[in-house]
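Raw contents of my_file.pdb, PDB, C-alpha atoms, pLDDT in the B column:
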```
ATOM      1  CA  MET N   1      10.510 -19.747   5.142  1.00 83.00           C
ATOM      2  CA  PRO N   2       9.271 -19.398   8.740  1.00 89.00           C
ATOM      3  CA  ALA N   3       5.628 -20.469   9.035  1.00 88.00           C
ATOM      4  CA  ASP N   4       4.524 -17.071  10.351  1.00 83.00           C
ATOM      5  CA  HIS N   5       5.695 -15.501   7.063  1.00 85.00           C
ATOM      6  CA  ALA N   6       3.264 -17.619   5.039  1.00 90.00           C
ATOM      7  CA  HIS N   7      -0.413 -16.693   4.745  1.00 91.00           C
ATOM      8  CA  VAL N   8      -3.227 -18.784   3.333  1.00 92.00           C
ATOM      9  CA  VAL N   9      -5.512 -16.688   1.097  1.00 94.00           C
ATOM     10  CA  ARG N  10      -9.004 -18.109   0.801  1.00 94.00           C
ATOM     11  CA  ARG N  11     -10.153 -16.663  -2.483  1.00 93.00           C
ATOM     12  CA  ASP N  12     -10.524 -18.157  -5.939  1.00 93.00           C
ATOM     13  CA  ILE N  13      -7.619 -16.428  -7.677  1.00 93.00           C
ATOM     14  CA  ASP N  14      -4.529 -18.073  -9.107  1.00 93.00           C
ATOM     15  CA  ASP N  15      -0.850 -17.785  -8.223  1.00 94.00           C
ATOM     16  CA  ALA N  16      -0.010 -15.173 -10.860  1.00 95.00           C
ATOM     17  CA  GLU N  17      -2.831 -12.948  -9.626  1.00 96.00           C
ATOM     18  CA  LEU N  18      -1.785 -13.441  -6.001  1.00 95.00           C
ATOM     19  CA  ALA N  19       1.735 -12.345  -6.940  1.00 95.00           C
ATOM     20  CA  THR N  20       0.448  -8.844  -7.723  1.00 95.00           C
ATOM     21  CA  PHE N  21      -0.442  -8.120  -4.094  1.00 95.00           C
ATOM     22  CA  SER N  22       2.476  -8.906  -1.830  1.00 90.00           C
ATOM     23  CA  CYS N  23       4.895  -6.065  -2.522  1.00 92.00           C
ATOM     24  CA  ALA N  24       2.821  -3.390  -4.266  1.00 95.00           C
ATOM     25  CA  TYR N  25      -0.311  -3.469  -2.128  1.00 97.00           C
ATOM     26  CA  LEU N  26       1.569  -3.913   1.141  1.00 97.00           C
ATOM     27  CA  THR N  27       3.676  -0.875   0.254  1.00 97.00           C
ATOM     28  CA  GLY N  28       0.497   1.100  -0.407  1.00 98.00           C
ATOM     29  CA  GLU N  29      -1.239  -0.020   2.787  1.00 98.00           C
ATOM     30  CA  HIS N  30       1.786   0.975   4.866  1.00 97.00           C
ATOM     31  CA  MET N  31       1.810   4.421   3.203  1.00 98.00           C
ATOM     32  CA  LEU N  32      -1.807   4.915   4.258  1.00 98.00           C
ATOM     33  CA  ASP N  33      -0.996   3.681   7.762  1.00 98.00           C
ATOM     34  CA  ARG N  34       1.941   6.070   8.072  1.00 97.00           C
ATOM     35  CA  ALA N  35      -0.281   8.999   7.077  1.00 98.00           C
ATOM     36  CA  ARG N  36      -3.164   7.793   9.316  1.00 98.00           C
ATOM     37  CA  VAL N  37      -5.672   7.902   6.465  1.00 98.00           C
ATOM     38  CA  ALA N  38      -9.194   7.770   7.876  1.00 98.00           C
ATOM     39  CA  GLU N  39     -12.672   7.171   6.517  1.00 98.00           C
ATOM     40  CA  GLY N  40     -13.985  10.115   4.514  1.00 97.00           C
ATOM     41  CA  GLU N  41     -10.584  11.717   3.922  1.00 98.00           C
ATOM     42  CA  ARG N  42      -9.523  12.712   0.423  1.00 98.00           C
ATOM     43  CA  VAL N  43      -6.254  11.236  -0.818  1.00 98.00           C
ATOM     44  CA  LEU N  44      -4.367  12.370  -3.937  1.00 98.00           C
ATOM     45  CA  ILE N  45      -2.354   9.512  -5.458  1.00 98.00           C
ATOM     46  CA  THR N  46       0.416  10.069  -8.005  1.00 97.00           C
ATOM     47  CA  GLY N  47       1.569   7.348 -10.382  1.00 95.00           C
ATOM     48  CA  ALA N  48      -1.925   5.915 -10.024  1.00 96.00           C
ATOM     49  CA  SER N  49      -1.723   3.503 -12.960  1.00 94.00           C
ATOM     50  CA  GLY N  50       1.326   1.658 -11.616  1.00 94.00           C
ATOM     51  CA  GLY N  51       1.416  -1.326  -9.285  1.00 95.00           C
ATOM     52  CA  VAL N  52       1.527   0.587  -6.003  1.00 96.00           C
ATOM     53  CA  GLY N  53      -0.610   3.466  -7.272  1.00 97.00           C
ATOM     54  CA  SER N  54      -3.442   1.301  -8.577  1.00 97.00           C
ATOM     55  CA  GLY N  55      -3.302  -0.639  -5.318  1.00 97.00           C
ATOM     56  CA  LEU N  56      -3.545   2.613  -3.350  1.00 98.00           C
ATOM     57  CA  VAL N  57      -6.726   3.609  -5.174  1.00 98.00           C
ATOM     58  CA  GLN N  58      -8.381   0.358  -4.107  1.00 98.00           C
ATOM     59  CA  LEU N  59      -6.932   0.429  -0.591  1.00 98.00           C
ATOM     60  CA  CYS N  60      -8.309   3.917  -0.011  1.00 98.00           C
ATOM     61  CA  ARG N  61     -11.764   2.667  -0.943  1.00 98.00           C
ATOM     62  CA  ALA N  62     -11.320  -0.351   1.335  1.00 97.00           C
ATOM     63  CA  ARG N  63     -10.852   1.911   4.369  1.00 97.00           C
ATOM     64  CA  GLY N  64     -13.543   4.372   3.313  1.00 98.00           C
ATOM     65  CA  ALA N  65     -11.258   7.149   2.072  1.00 98.00           C
ATOM     66  CA  ILE N  66     -11.849   8.962  -1.228  1.00 98.00           C
ATOM     67  CA  PRO N  67      -9.025   8.550  -3.788  1.00 98.00           C
ATOM     68  CA  TYR N  68      -8.147  11.058  -6.495  1.00 98.00           C
ATOM     69  CA  ALA N  69      -5.550  10.074  -9.071  1.00 97.00           C
ATOM     70  CA  VAL N  70      -2.756  11.711 -11.037  1.00 96.00           C
ATOM     71  CA  THR N  71      -1.923   9.724 -14.143  1.00 94.00           C
ATOM     72  CA  SER N  72      -0.895  10.071 -17.768  1.00 89.00           C
ATOM     73  CA  ALA N  73      -3.153  10.652 -20.750  1.00 85.00           C
ATOM     74  CA  GLY N  74      -4.838   7.500 -22.021  1.00 89.00           C
ATOM     75  CA  LYS N  75      -5.120   5.856 -18.601  1.00 93.00           C
ATOM     76  CA  ALA N  76      -7.786   8.044 -17.005  1.00 94.00           C
ATOM     77  CA  ASP N  77     -10.726   5.748 -17.743  1.00 94.00           C
ATOM     78  CA  ALA N  78      -8.879   2.680 -16.454  1.00 95.00           C
ATOM     79  CA  VAL N  79      -7.957   4.450 -13.224  1.00 95.00           C
ATOM     80  CA  ARG N  80     -11.537   5.609 -12.717  1.00 96.00           C
ATOM     81  CA  ALA N  81     -12.685   2.027 -13.220  1.00 96.00           C
ATOM     82  CA  ILE N  82     -10.403   0.932 -10.371  1.00 95.00           C
ATOM     83  CA  GLY N  83     -12.139   3.386  -8.042  1.00 96.00           C
ATOM     84  CA  ALA N  84     -10.709   6.892  -8.436  1.00 97.00           C
ATOM     85  CA  GLU N  85     -13.255   9.579  -7.634  1.00 97.00           C
ATOM     86  CA  GLY N  86     -11.541  11.958 -10.053  1.00 96.00           C
ATOM     87  CA  VAL N  87      -8.487  11.987 -12.305  1.00 96.00           C
ATOM     88  CA  VAL N  88      -5.904  14.693 -13.015  1.00 96.00           C
ATOM     89  CA  LEU N  89      -3.679  14.308 -16.069  1.00 93.00           C
ATOM     90  CA  ARG N  90      -0.025  14.810 -15.293  1.00 86.00           C
ATOM     91  CA  GLY N  91       1.684  17.677 -17.151  1.00 81.00           C
ATOM     92  CA  GLU N  92      -1.531  19.298 -18.389  1.00 81.00           C
ATOM     93  CA  GLY N  93      -1.937  22.746 -16.832  1.00 83.00           C
ATOM     94  CA  ASP N  94      -1.535  23.892 -13.240  1.00 92.00           C
ATOM     95  CA  LEU N  95      -1.673  20.921 -10.860  1.00 94.00           C
ATOM     96  CA  VAL N  96      -3.178  22.855  -7.954  1.00 95.00           C
ATOM     97  CA  GLU N  97      -5.996  24.219 -10.122  1.00 95.00           C
ATOM     98  CA  ALA N  98      -6.596  20.826 -11.752  1.00 96.00           C
ATOM     99  CA  VAL N  99      -6.898  19.094  -8.384  1.00 96.00           C
ATOM    100  CA  ALA N 100      -9.298  21.753  -7.095  1.00 96.00           C
ATOM    101  CA  GLU N 101     -11.437  21.244 -10.187  1.00 95.00           C
ATOM    102  CA  ALA N 102     -11.398  17.458  -9.763  1.00 95.00           C
ATOM    103  CA  THR N 103     -12.486  17.676  -6.115  1.00 96.00           C
ATOM    104  CA  GLY N 104     -15.024  20.438  -6.644  1.00 96.00           C
ATOM    105  CA  GLY N 105     -12.955  22.674  -4.395  1.00 95.00           C
ATOM    106  CA  ALA N 106     -12.809  20.192  -1.517  1.00 96.00           C
ATOM    107  CA  ALA N 107      -9.521  19.967   0.363  1.00 95.00           C
ATOM    108  CA  ILE N 108      -6.954  17.192  -0.015  1.00 98.00           C
ATOM    109  CA  ASP N 109      -6.103  15.656   3.352  1.00 98.00           C
ATOM    110  CA  VAL N 110      -3.276  13.332   2.262  1.00 98.00           C
ATOM    111  CA  VAL N 111      -0.938  13.073  -0.730  1.00 98.00           C
ATOM    112  CA  ALA N 112       0.362   9.549  -1.426  1.00 98.00           C
ATOM    113  CA  ASP N 113       3.257  10.226  -3.774  1.00 97.00           C
ATOM    114  CA  LEU N 114       5.177   7.771  -5.958  1.00 96.00           C
ATOM    115  CA  VAL N 115       6.502  10.306  -8.483  1.00 95.00           C
ATOM    116  CA  ALA N 116       8.152  13.300  -6.743  1.00 95.00           C
ATOM    117  CA  GLY N 117      10.406  15.120  -9.256  1.00 94.00           C
ATOM    118  CA  ASP N 118       9.024  18.427 -10.464  1.00 92.00           C
ATOM    119  CA  LEU N 119       5.590  17.667  -8.966  1.00 93.00           C
ATOM    120  CA  PHE N 120       6.862  17.781  -5.396  1.00 95.00           C
ATOM    121  CA  ASN N 121       6.281  21.421  -4.395  1.00 95.00           C
ATOM    122  CA  ASP N 122       2.895  21.548  -6.105  1.00 95.00           C
ATOM    123  CA  LEU N 123       1.853  18.401  -4.217  1.00 96.00           C
ATOM    124  CA  LEU N 124       2.591  20.176  -0.939  1.00 97.00           C
ATOM    125  CA  ARG N 125       0.639  23.210  -2.151  1.00 96.00           C
ATOM    126  CA  VAL N 126      -2.340  20.951  -2.874  1.00 96.00           C
ATOM    127  CA  LEU N 127      -2.550  19.813   0.758  1.00 98.00           C
ATOM    128  CA  ARG N 128      -4.878  21.466   3.241  1.00 98.00           C
ATOM    129  CA  PRO N 129      -3.372  23.071   6.367  1.00 98.00           C
ATOM    130  CA  GLU N 130      -2.146  20.284   8.679  1.00 98.00           C
ATOM    131  CA  GLY N 131      -2.277  17.859   5.755  1.00 98.00           C
ATOM    132  CA  ARG N 132      -0.005  14.828   5.449  1.00 98.00           C
ATOM    133  CA  TYR N 133       2.367  13.766   2.686  1.00 98.00           C
ATOM    134  CA  THR N 134       3.582  10.173   2.394  1.00 98.00           C
ATOM    135  CA  THR N 135       6.009   8.770  -0.167  1.00 97.00           C
ATOM    136  CA  ALA N 136       7.337   5.356  -1.164  1.00 97.00           C
ATOM    137  CA  GLY N 137       8.791   6.194  -4.569  1.00 94.00           C
ATOM    138  CA  ALA N 138      10.260   8.851  -6.808  1.00 94.00           C
ATOM    139  CA  ILE N 139       9.912   7.706 -10.420  1.00 91.00           C
ATOM    140  CA  GLY N 140       9.849  11.316 -11.608  1.00 93.00           C
ATOM    141  CA  GLY N 141      13.153  12.101  -9.865  1.00 93.00           C
ATOM    142  CA  PRO N 142      14.411  11.536  -6.311  1.00 94.00           C
ATOM    143  CA  VAL N 143      16.097  14.934  -5.878  1.00 95.00           C
ATOM    144  CA  VAL N 144      13.529  17.691  -5.347  1.00 94.00           C
ATOM    145  CA  GLN N 145      13.410  21.354  -4.454  1.00 91.00           C
ATOM    146  CA  LEU N 146      11.541  22.052  -1.244  1.00 92.00           C
ATOM    147  CA  ASP N 147      10.146  25.410  -0.169  1.00 92.00           C
ATOM    148  CA  LEU N 148      10.192  24.949   3.597  1.00 95.00           C
ATOM    149  CA  ARG N 149       7.788  27.864   4.013  1.00 96.00           C
ATOM    150  CA  THR N 150       5.033  25.664   2.596  1.00 95.00           C
ATOM    151  CA  VAL N 151       5.826  23.017   5.212  1.00 96.00           C
ATOM    152  CA  TYR N 152       5.933  25.235   8.273  1.00 97.00           C
ATOM    153  CA  LEU N 153       3.259  27.769   7.359  1.00 97.00           C
ATOM    154  CA  LYS N 154       0.771  24.965   6.608  1.00 97.00           C
ATOM    155  CA  HIS N 155       1.918  22.762   9.526  1.00 98.00           C
ATOM    156  CA  LEU N 156       2.423  19.834   7.163  1.00 98.00           C
ATOM    157  CA  GLU N 157       3.606  16.316   8.033  1.00 98.00           C
ATOM    158  CA  LEU N 158       6.043  14.490   5.716  1.00 97.00           C
ATOM    159  CA  HIS N 159       6.314  10.693   5.970  1.00 97.00           C
ATOM    160  CA  GLY N 160       8.714   8.305   4.296  1.00 96.00           C
ATOM    161  CA  SER N 161       7.444   4.760   3.888  1.00 96.00           C
ATOM    162  CA  SER N 162       8.857   1.453   2.679  1.00 93.00           C
ATOM    163  CA  GLN N 163       7.417  -2.083   2.635  1.00 90.00           C
ATOM    164  CA  GLY N 164       5.032  -2.683   5.562  1.00 94.00           C
ATOM    165  CA  THR N 165       4.206  -4.376   8.835  1.00 94.00           C
ATOM    166  CA  ARG N 166       2.842  -7.822   9.650  1.00 93.00           C
ATOM    167  CA  ALA N 167      -0.376  -6.213  10.855  1.00 94.00           C
ATOM    168  CA  ALA N 168      -0.765  -4.392   7.525  1.00 96.00           C
ATOM    169  CA  PHE N 169      -0.193  -7.645   5.634  1.00 95.00           C
ATOM    170  CA  ARG N 170      -2.838  -9.476   7.682  1.00 94.00           C
ATOM    171  CA  ARG N 171      -5.253  -6.623   6.927  1.00 96.00           C
ATOM    172  CA  LEU N 172      -4.358  -6.875   3.230  1.00 97.00           C
ATOM    173  CA  VAL N 173      -5.135 -10.606   3.223  1.00 96.00           C
ATOM    174  CA  GLY N 174      -8.533  -9.747   4.671  1.00 97.00           C
ATOM    175  CA  TYR N 175      -9.144  -7.237   1.871  1.00 97.00           C
ATOM    176  CA  ILE N 176      -8.169  -9.848  -0.733  1.00 97.00           C
ATOM    177  CA  GLU N 177     -10.439 -12.487   0.748  1.00 97.00           C
ATOM    178  CA  SER N 178     -13.416 -10.115   1.019  1.00 96.00           C
ATOM    179  CA  GLY N 179     -12.967  -8.824  -2.531  1.00 95.00           C
ATOM    180  CA  ALA N 180     -12.326  -5.249  -1.322  1.00 97.00           C
ATOM    181  CA  VAL N 181      -9.221  -5.236  -3.545  1.00 97.00           C
ATOM    182  CA  ARG N 182      -8.668  -7.135  -6.753  1.00 95.00           C
ATOM    183  CA  PRO N 183      -5.594  -8.151  -8.748  1.00 95.00           C
ATOM    184  CA  LEU N 184      -4.692  -5.962 -11.708  1.00 96.00           C
ATOM    185  CA  LEU N 185      -2.537  -8.344 -13.705  1.00 96.00           C
ATOM    186  CA  ALA N 186      -1.568  -6.718 -17.000  1.00 95.00           C
ATOM    187  CA  GLY N 187       0.492  -9.678 -18.220  1.00 95.00           C
ATOM    188  CA  THR N 188       2.958 -12.440 -17.435  1.00 97.00           C
ATOM    189  CA  TYR N 189       6.442 -13.224 -18.757  1.00 97.00           C
ATOM    190  CA  ARG N 190       8.658 -16.302 -18.516  1.00 97.00           C
ATOM    191  CA  LEU N 191      11.701 -15.842 -16.309  1.00 97.00           C
ATOM    192  CA  SER N 192      13.826 -16.527 -19.400  1.00 97.00           C
ATOM    193  CA  GLN N 193      12.142 -13.445 -20.959  1.00 96.00           C
ATOM    194  CA  PHE N 194      13.028 -11.209 -18.044  1.00 97.00           C
ATOM    195  CA  HIS N 195      14.553  -8.504 -20.255  1.00 97.00           C
ATOM    196  CA  ASP N 196      11.309  -8.337 -22.245  1.00 97.00           C
ATOM    197  CA  ALA N 197       9.438  -7.891 -18.983  1.00 96.00           C
ATOM    198  CA  GLN N 198      11.786  -5.083 -17.962  1.00 96.00           C
ATOM    199  CA  ARG N 199      11.304  -3.303 -21.284  1.00 97.00           C
ATOM    200  CA  ALA N 200       7.528  -3.585 -20.981  1.00 95.00           C
ATOM    201  CA  PHE N 201       7.719  -2.265 -17.422  1.00 94.00           C
ATOM    202  CA  MET N 202       9.796   0.748 -18.461  1.00 93.00           C
ATOM    203  CA  ALA N 203       7.478   1.526 -21.391  1.00 92.00           C
ATOM    204  CA  LYS N 204       4.598   1.950 -18.877  1.00 90.00           C
ATOM    205  CA  GLY N 205       1.955   1.008 -21.414  1.00 91.00           C
ATOM    206  CA  PHE N 206      -0.187  -0.892 -18.906  1.00 93.00           C
ATOM    207  CA  VAL N 207      -2.204  -0.435 -15.712  1.00 94.00           C
ATOM    208  CA  GLY N 208      -1.444  -2.564 -12.656  1.00 95.00           C
ATOM    209  CA  ASN N 209       1.317  -5.166 -12.447  1.00 95.00           C
ATOM    210  CA  LEU N 210       3.436  -7.507 -14.559  1.00 96.00           C
ATOM    211  CA  VAL N 211       4.377 -10.923 -13.164  1.00 96.00           C
ATOM    212  CA  VAL N 212       7.452 -13.015 -14.003  1.00 97.00           C
ATOM    213  CA  VAL N 213       6.922 -16.785 -13.776  1.00 96.00           C
ATOM    214  CA  PRO N 214       9.617 -19.509 -13.591  1.00 96.00           C
ATOM    215  CA  ASP N 215       9.760 -21.361 -16.905  1.00 96.00           C
ATOM    216  CA  ALA N 216       9.058 -24.677 -15.166  1.00 96.00           C
ATOM    217  CA  ARG N 217       5.649 -23.365 -14.038  1.00 95.00           C
ATOM    218  CA  TRP N 218       4.796 -21.380 -17.180  1.00 95.00           C
ATOM    219  CA  ASP N 219       2.119 -23.689 -18.554  1.00 95.00           C
ATOM    220  CA  GLU N 220       0.489 -24.036 -15.145  1.00 94.00           C
ATOM    221  CA  VAL N 221       0.707 -20.440 -13.878  1.00 93.00           C
ATOM    222  CA  GLY N 222       1.709 -17.963 -16.553  1.00 92.00           C
ATOM    223  CA  ALA N 223       0.557 -18.963 -20.019  1.00 94.00           C
ATOM    224  CA  HIS N 224      -3.081 -17.899 -19.762  1.00 92.00           C
ATOM    225  CA  HIS N 225      -2.099 -14.414 -18.527  1.00 94.00           C
ATOM    226  CA  ALA N 226       0.645 -13.882 -21.133  1.00 92.00           C
ATOM    227  CA  ALA N 227       1.242 -10.282 -22.188  1.00 75.00           C
TER
END
```
Write out the structure in this file as structure tokens.
Amino acid sequence: MPADHAHVVRRDIDDAELATFSCAYLTGEHMLDRARVAEGERVLITGASGGVGSGLVQLCRARGAIPYAVTSAGKADAVRAIGAEGVVLRGEGDLVEAVAEATGGAAIDVVADLVAGDLFNDLLRVLRPEGRYTTAGAIGGPVVQLDLRTVYLKHLELHGSSQGTRAAFRRLVGYIESGAVRPLLAGTYRLSQFHDAQRAFMAKGFVGNLVVVPDARWDEVGAHHAA
């Protein structure tokens, strides 16, 4: 690869742990860039137990923003441990009311959404006037119903986001090296077990990321993180 695509990371973590950052955390950092998330702002993150979502929780803290998480039952404590200020359980009651309770009535400045689906309109309702919505995923369904009145009456901004910039990646390396973000490696799989890795990914019984390791490097890189 071109030399300017390769970054040395000066931190005592191994290759499997480093593999958790490149795609997921860069995607999250670019979402926050697109929405201009600033210190002190409150950010509601959907899909917060997944690779991008759990990265977003940490990345918000790294820039001084306050993350709130939407996740499934059984993962609330793990998401709080990553850094979420409060947690809302998906599918349990009215989302707008649950978010208001989690924040103590404080406004949400930005929604960082990875779920969409039937949450979409409620996520826009959660936002304060002139709030910002940013998305890089739609695991709950990519086709949504949109009440445009919510957008124009609240003067909302909607941002699509994918991958990231070189500047965002350099910033991410700095976060890794300083310890502002940490790898959340839930397990490793041999490349020859790729279908097992896919099934584990779809079952969503973990927090963070799964890593697939070439069989030739399994003993060196993957074995001690095996799922």
* Name all residues at most 8 Å from Asp109 (chain N) (count all atoms listed in the file; drop same-chain ones fewer than 3 positions away) and give them as a list of chain:residue names. => N:Glu41, N:Arg42, N:Val43, N:Leu127, N:Arg128, N:Gly131, N:Arg132
* Could you spell out the hits of the PyMOL selection byres ((chain N and resi 165-169) around 7) on the shown file, as a list of chain:residue names? -> N:Leu26, N:Glu29, N:His30, N:Gly164, N:Arg170, N:Arg171, N:Leu172, N:Val173
Assuming 6 Å of padding per side, give the centre and edge lengths of the axis-aligned box around every listed atom of region 36-47 of chain N, in Å to one decimal and as AutoDock Vina command-line options.
```
--center_x -6.2 --center_y 9.9 --center_z -0.5 --size_x 27.6 --size_y 17.5 --size_z 31.7
```
How would you write, as an mmCIF file with C-alpha atoms, in the coordinates of the input, the residues chosen by the PyMOL selection byres ((chain N and resi 14) around 12) on this structure?
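After the write, selection_0.cif holds the following:
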```
data_model
loop_
_atom_site.group_PDB
_atom_site.id
_atom_site.type_symbol
_atom_site.label_atom_id
_atom_site.label_comp_id
_atom_site.auth_asym_id
_atom_site.auth_seq_id
_atom_site.Cartn_x
_atom_site.Cartn_y
_atom_site.Cartn_z
ATOM 1 C CA VAL N 9 -5.512 -16.688 1.097
ATOM 2 C CA ARG N 10 -9.004 -18.109 0.801
ATOM 3 C CA ARG N 11 -10.153 -16.663 -2.483
ATOM 4 C CA ASP N 12 -10.524 -18.157 -5.939
ATOM 5 C CA ILE N 13 -7.619 -16.428 -7.677
ATOM 6 C CA ASP N 15 -0.850 -17.785 -8.223
ATOM 7 C CA ALA N 16 -0.010 -15.173 -10.860
ATOM 8 C CA GLU N 17 -2.831 -12.948 -9.626
ATOM 9 C CA LEU N 18 -1.785 -13.441 -6.001
ATOM 10 C CA ALA N 19 1.735 -12.345 -6.940
ATOM 11 C CA THR N 20 0.448 -8.844 -7.723
ATOM 12 C CA PHE N 21 -0.442 -8.120 -4.094
ATOM 13 C CA ARG N 182 -8.668 -7.135 -6.753
ATOM 14 C CA PRO N 183 -5.594 -8.151 -8.748
ATOM 15 C CA LEU N 185 -2.537 -8.344 -13.705
ATOM 16 C CA GLU N 220 0.489 -24.036 -15.145
ATOM 17 C CA VAL N 221 0.707 -20.440 -13.878
ATOM 18 C CA GLY N 222 1.709 -17.963 -16.553
ATOM 19 C CA HIS N 224 -3.081 -17.899 -19.762
ATOM 20 C CA HIS N 225 -2.099 -14.414 -18.527
#
```
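Note that the spacing between CA of Ala24 (chain N) and CA of Val79 (chain N) amounts to 16.1 Å.
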* How would you write, as a ChimeraX atom specification, the residues chosen by the PyMOL selection byres ((chain N and resi 60-62) around 9) on this structure? -> /N:29,32,37-39,42-43,55-59,63-67,83-84,175,180-181
